[in-house]
Each structure stands twice: as structure tokens, then as C-alpha cells.
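One structure is given below, encoded as C-alpha cells.
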Amino acid sequence: MAYFADLMTTLFERRPGKPDLPSRAPIAELCASLLSSRGEVSGTRLARDVLAHYARLTPAERRAFFGYLAADLDLDPDRLAEAAAAYKAQRDARTLTRLTREAEPRRQELFRRLNQAPGATGELVRMRLDLLNLLPEAPELGVIDPDFQHLFASWFNRGFLVLRHIDWRTPANILEKIIEYEAVHAINDWDDLQRRLRPSDRRCFAFFHPAMPEEPLIFVEVALTKGIPGSVQTLLAEGRIPLADGEFDTAVFYSISNCQEGLRGISFGNSLIKQVVEELKHDLPQVSRYVTLSPVPTLIRWLEKVAPDRPYVGQLLEAAAKADPKAMEPHRAALRRLTAEYLLAVKRGDGLPADPVARFHLGNGALLHDVHALADTSANGFRQSCTAMVNYLYDLAKVERNNEAFVTDRQVAAARQVQALADQAETTGKK
């Protein structure tokens, strides 16, 4: 704590010669004033001053500020114990109110009051990202994050989110962010973006929050196809001829990207897919299937782990290292079997699939429908999964049942052909 003490002296003293701030008071004093403020106008002004001051802090000073939040605005264990004892002795509204008040760190109320300032929600999201980036070297600051998570889960719940259709007419500043935030299949330039938004058989939808109207929270790119595709390069081909309205029967979710790292752990994807399905059902009644074409981002690590015991896996990895589809062609069948085995048989300690994309879609009630080799022949596709990709099928009549079985019993809903591939892989692996 000596390190924090030295930094706090620097951080919270008045420093002549520094650029003028909306208020010259040290940030701890501003926070104390904000917490004791009664008036709405003064509260808004103080919140604005705190955030302006925070924006000017150096990285070391920000770390000290978080140290202040963790130590000075934490729970008082003695007061909490007294409140708990009082509620145990007499359970009524008065003692419950006291217990609830003492069980909440004061920094949580500080964040609420900071949110009074115009544009504060986005600044608090960025503040949490600063905290998350500090945690590997300062894990003692981790006591602050549950307060951010608690508040963000309320502020960003589905009732506040706005679904917007992103197309070629969307303002350029938002389109630029779609390019920047695309996390699955990189958008190389404006021509590439145009191919994903402009054709009549392509859609893109994003969630926004009213407090951050120009910042997408998450977006999904959709291809309307005839049949279920097994290659993302085919979907994104430069010279592709768009399908007419009557020619497609399947909606393919081929990229889902979270945009705000400061909202890590706040889930939007489930709600986004459900809402987009409802939109497509209303606008495109001829679409009868809803599937994904999803990456398997952790497959390569598992293959490297089992390679010493399975010589043919080592050969597959050597071929993948060449990043040449022709070199991978002889290993296509083996890759499909191994991918099915990985998704169905390899689990975390809690019994859920090791792959995060699988956990997401299966947790939403999707079915593991098919596995494809040579499905993503980009450099990233070779690097993370040796080109393998997966279709997860959203059968609207079964998603609730699948979700219940997955959450309760850890059962993975899988098509017969995928189960058969996994069984073949397991048999081969024992030889």
C-alpha cells in the first residue's frame, strides 16, 4: 500500500502550473463533494468535473485513483456486520434498508452520481476498461469491478437497447466503427464493407443504447442464402452475384462482434440473435432456416495438445502451417472428425464445452448442425482452427428445450452426422 500512498499524495494535492480544469479541487475532494451533494444541478456539475479531471490523469495517477476507490470507498465490515445482526434480530423494512445500504460500497453510488453528467455512460464504460487493463498487475483492484458489472447489467439490460438496421445509408461515422469493431472476419476497406451491406441478400443489425447513440454495442452480419453454406470465402466473394428475393431460404449469421471492451461480461448476443430472427421472420417469410457459420477459435490449441499422441494430427498441423488450401485437402475428413470430437467431448472443469463460441450458441439453445473443413482459408482461419467452421442451427421450436438441457444437464444438442463424426474421431484416436 506504500506505493498507493505515494501516488495518492501526488494525485490528490493541488498542482500549480497544470492546465486549468473545470474545477481545481483534487479528484478525491470532488468525489466526496459529489457523494454529499443534494441538488441535481450541483450534482451534474460535480459529476462533469470529476470525469473531466479523470480524463487528464496519467496512467499512474489513474491507478492511484482506482486505489482510492478500492480502499476509501469500500464496504465497512463492522457496520455491515451490525446491520446484518439487526436484520437477523428484527426483520422489517427499516433494518432491511439499513442492511442494503451498508452492503453496497460507496463507490457504487459514486458511479451512479457520475452518470448524471452528459455523455457519462460512455465515459464510465471506458473507465471500466482502464480498470480491466490494470487488473493483471494490480489484482487488489478487482473489488471495484463487481460494482461496474452490477450497474452496467441494469443500465444495459434489453429493455433499454435499440435495434438498428445498418446499411449503406447509415451515417459514415457509424460505418467506420463497424469496420473498426469487426472481430471475426476483418473488413479490409470500404469496398469490402459495401459488399456486406449493399446487396439485397445481405443484412447487418446492431444494438445501441440511448446514452451512447453513436456507439454500437454489438452487431451481427447476416447472409441470405439458398441452403446452408460451408465456406465463408464463398459468402464474402468479391465477384458474387446477389440472390433475388425469391431465391434464398436461409439466414446465416456469419459474424457477431462485441464493440465495447468496457462492457466485457455484459451479454447482448442472445438478445440480439432473437431480435434479429423476429425482424427477419416479419420481413422475409420465405426464410425457413436460421443458422450460423461460426469459427472454432480454440481448436488449434487443443490439436497442438493432442498431437504428440496422435501422429496424424501432427501431419494435419504441418499442412495447416503452410496456409495453403491444397496442402489441407488430404486432411479434410480428419479435420471434420477432430472438430466434432473437440466440440462434443472436450469440456471445461464445469462440464461445459471448452470452445467459447460453442458455449455461446449452445447456451442460446442452438443445435450443432454440421462441421466444415476448408471453410475459412484466410490467414486467421488457418491460425485458429486449421480452416474449420461450424453451423449452429436455431430451430425456433426447439431452442427453449435445447437451452434447458444444456444449462441443467450439460447436454449438447447435436445432429446425427456430427455425433457420428465425433464417434469416428474417438475410435481413430485410440489406435
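Chain labels follow the order of the C-alpha cells: the first chain is A, the next B, and so on; residue numbering restarts at 1 in every chain, and ligands are counted from 1 in their shown order.
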
- Name all residues at most 12 Å from segment 345-352 of chain A (count only C-alpha atoms; drop same-chain ones fewer than 2 positions away) and give them as a VMD selection string. chain A and resid 298 to 299 301 to 303 305 to 306 337 to 343 354 to 360 362 to 363 405 to 412 414 418 to 419 421 to 423 425 to 426

- Selection near Glu176 of chain A, 10 Å with only C-alpha atoms, sequence-local residues under 3 positions removed, as a ChimeraX atom specification: /A:171-173,179-181,189-190,193

- Taking the chain letters and numbering used in this document, name the residues of segment 252-380 of chain A that DSSP puts in alpha helix (DSSP H), as a ChimeraX atom specification. /A:269-283,299-306,311-321,325-328,332-345,356-363,379-380

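For the residues A:Gly365, A:Gly262, A:Pro285, A:Pro330, ranking by smallest atom-to-atom distance to Gln149 of chain A using only C-alpha atoms places A:Gly262 first.
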
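Of the residues listed (A:Asn380, A:Pro59, A:Leu367, A:His361), A:Asn380 shows the shortest atom-to-atom separation from Ala183 of chain A; distances use only C-alpha atoms.
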
- Task: Just the residues within 12 Å of Asp191 of chain A, please, counting only C-alpha atoms, with nothing from its chain fewer than 5 positions along; format it as a ChimeraX atom specification.
- Result: /A:168,179,196-198,236-239

- Item | Selection near Asp145 of chain A, 8 Å with only C-alpha atoms, sequence-local residues under 6 positions removed, as a list in words | Arg128, Leu131 and Leu132 of chain A

- Message: Can you pull out the residues contacting Ala388 of chain A? Cut-off 7 Å, using only C-alpha atoms, and skip same-chain residues under 3 positions away; I want them as an MDAnalysis selection string.
- Response: chainID A and resid 296 372:376 385

- Task: Write down as JSON, numbers by chain the residues of segment 252-338 of chain A whose backbone DSSP state falls under strand (DSSP E).
- Result: {"A": [252, 253, 254, 255, 256, 257, 258, 289, 290, 291, 292, 294, 295]}

Give me, as CSV, each residue of segment 25-96 of chain A that comes within 7 Å of segment 107-112 of chain A, together with its shortest interatomic pair and the distance in Å at one decimal, counting only C-alpha atoms, with rows ordered by chain and rising residue number.
```
residue,atom,partner,partner_atom,distance
A:Leu35,CA,A:Leu110,CA,6.1
A:Leu69,CA,A:Arg107,CA,6.1
A:Leu73,CA,A:Arg107,CA,5.2
A:Asp74,CA,A:Arg107,CA,6.9
```

With a distance cut-off of 7 Å and only C-alpha atoms, select the neighbouring residues of segment 161-166 of chain A, excluding the residue or stretch itself and same-chain residues fewer than 2 positions from it, and output the selection as a PDB file with C-alpha atoms, in the first residue's frame.
```
ATOM      1  CA  PHE A 156     -27.667  -2.031 -20.450  1.00  0.00           C
ATOM      2  CA  ASN A 157     -30.486  -4.508 -19.964  1.00  0.00           C
ATOM      3  CA  ARG A 158     -32.535  -5.466 -23.017  1.00  0.00           C
ATOM      4  CA  GLY A 159     -35.324  -3.003 -22.235  1.00  0.00           C
ATOM      5  CA  THR A 170     -26.132   4.601 -42.256  1.00  0.00           C
ATOM      6  CA  CYS A 204     -26.494  -6.096 -40.677  1.00  0.00           C
ATOM      7  CA  PHE A 205     -28.093  -5.260 -37.331  1.00  0.00           C
ATOM      8  CA  ALA A 206     -26.678  -3.589 -34.239  1.00  0.00           C
ATOM      9  CA  PHE A 207     -27.745  -2.801 -30.693  1.00  0.00           C
ATOM     10  CA  PHE A 208     -27.345   0.773 -29.468  1.00  0.00           C
ATOM     11  CA  HIS A 209     -28.002   2.392 -26.099  1.00  0.00           C
TER      12      HIS A 209
END
```

- Query: Taking into account only C-alpha atoms, which residue in the set A:Gln233, A:Asn270, A:Thr95, A:Gln194 is nearest to Glu82 of chain A?
  - Reply: A:Thr95

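Distances here use only C-alpha atoms; by that measure, the residue among A:Val371, A:Ala103, A:Leu393, A:Ala117 closest to Phe253 of chain A is A:Leu393.
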
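Comparing A:Gly119, A:Asp395, A:Asp309, A:Leu344 by their smallest distance to Val277 of chain A, the closest is A:Asp395 (using only C-alpha atoms).
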
- Message: Which residues are close to segment 217-224 of chain A, i.e. within 7 Å by only C-alpha atoms, leaving aside same-chain residues fewer than 4 positions away? Reply as number ranges by chain.
- Response: A: 201-208, 248, 250-260

- For Ile174 of chain A, which of A:Ala138, A:Glu279, A:Pro216, A:Asn402 is the closest residue, counting only C-alpha atoms? A:Pro216

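Atom pair atom CA of Glu400 of chain A / atom CA of Ser271 of chain A: separated by 13.6 Å.
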
- Query: When you draw a straight line from atom CA of Pro77 of chain A to atom CA of Glu102 of chain A, how long is it in Å?
  - Reply: 8.6 Å
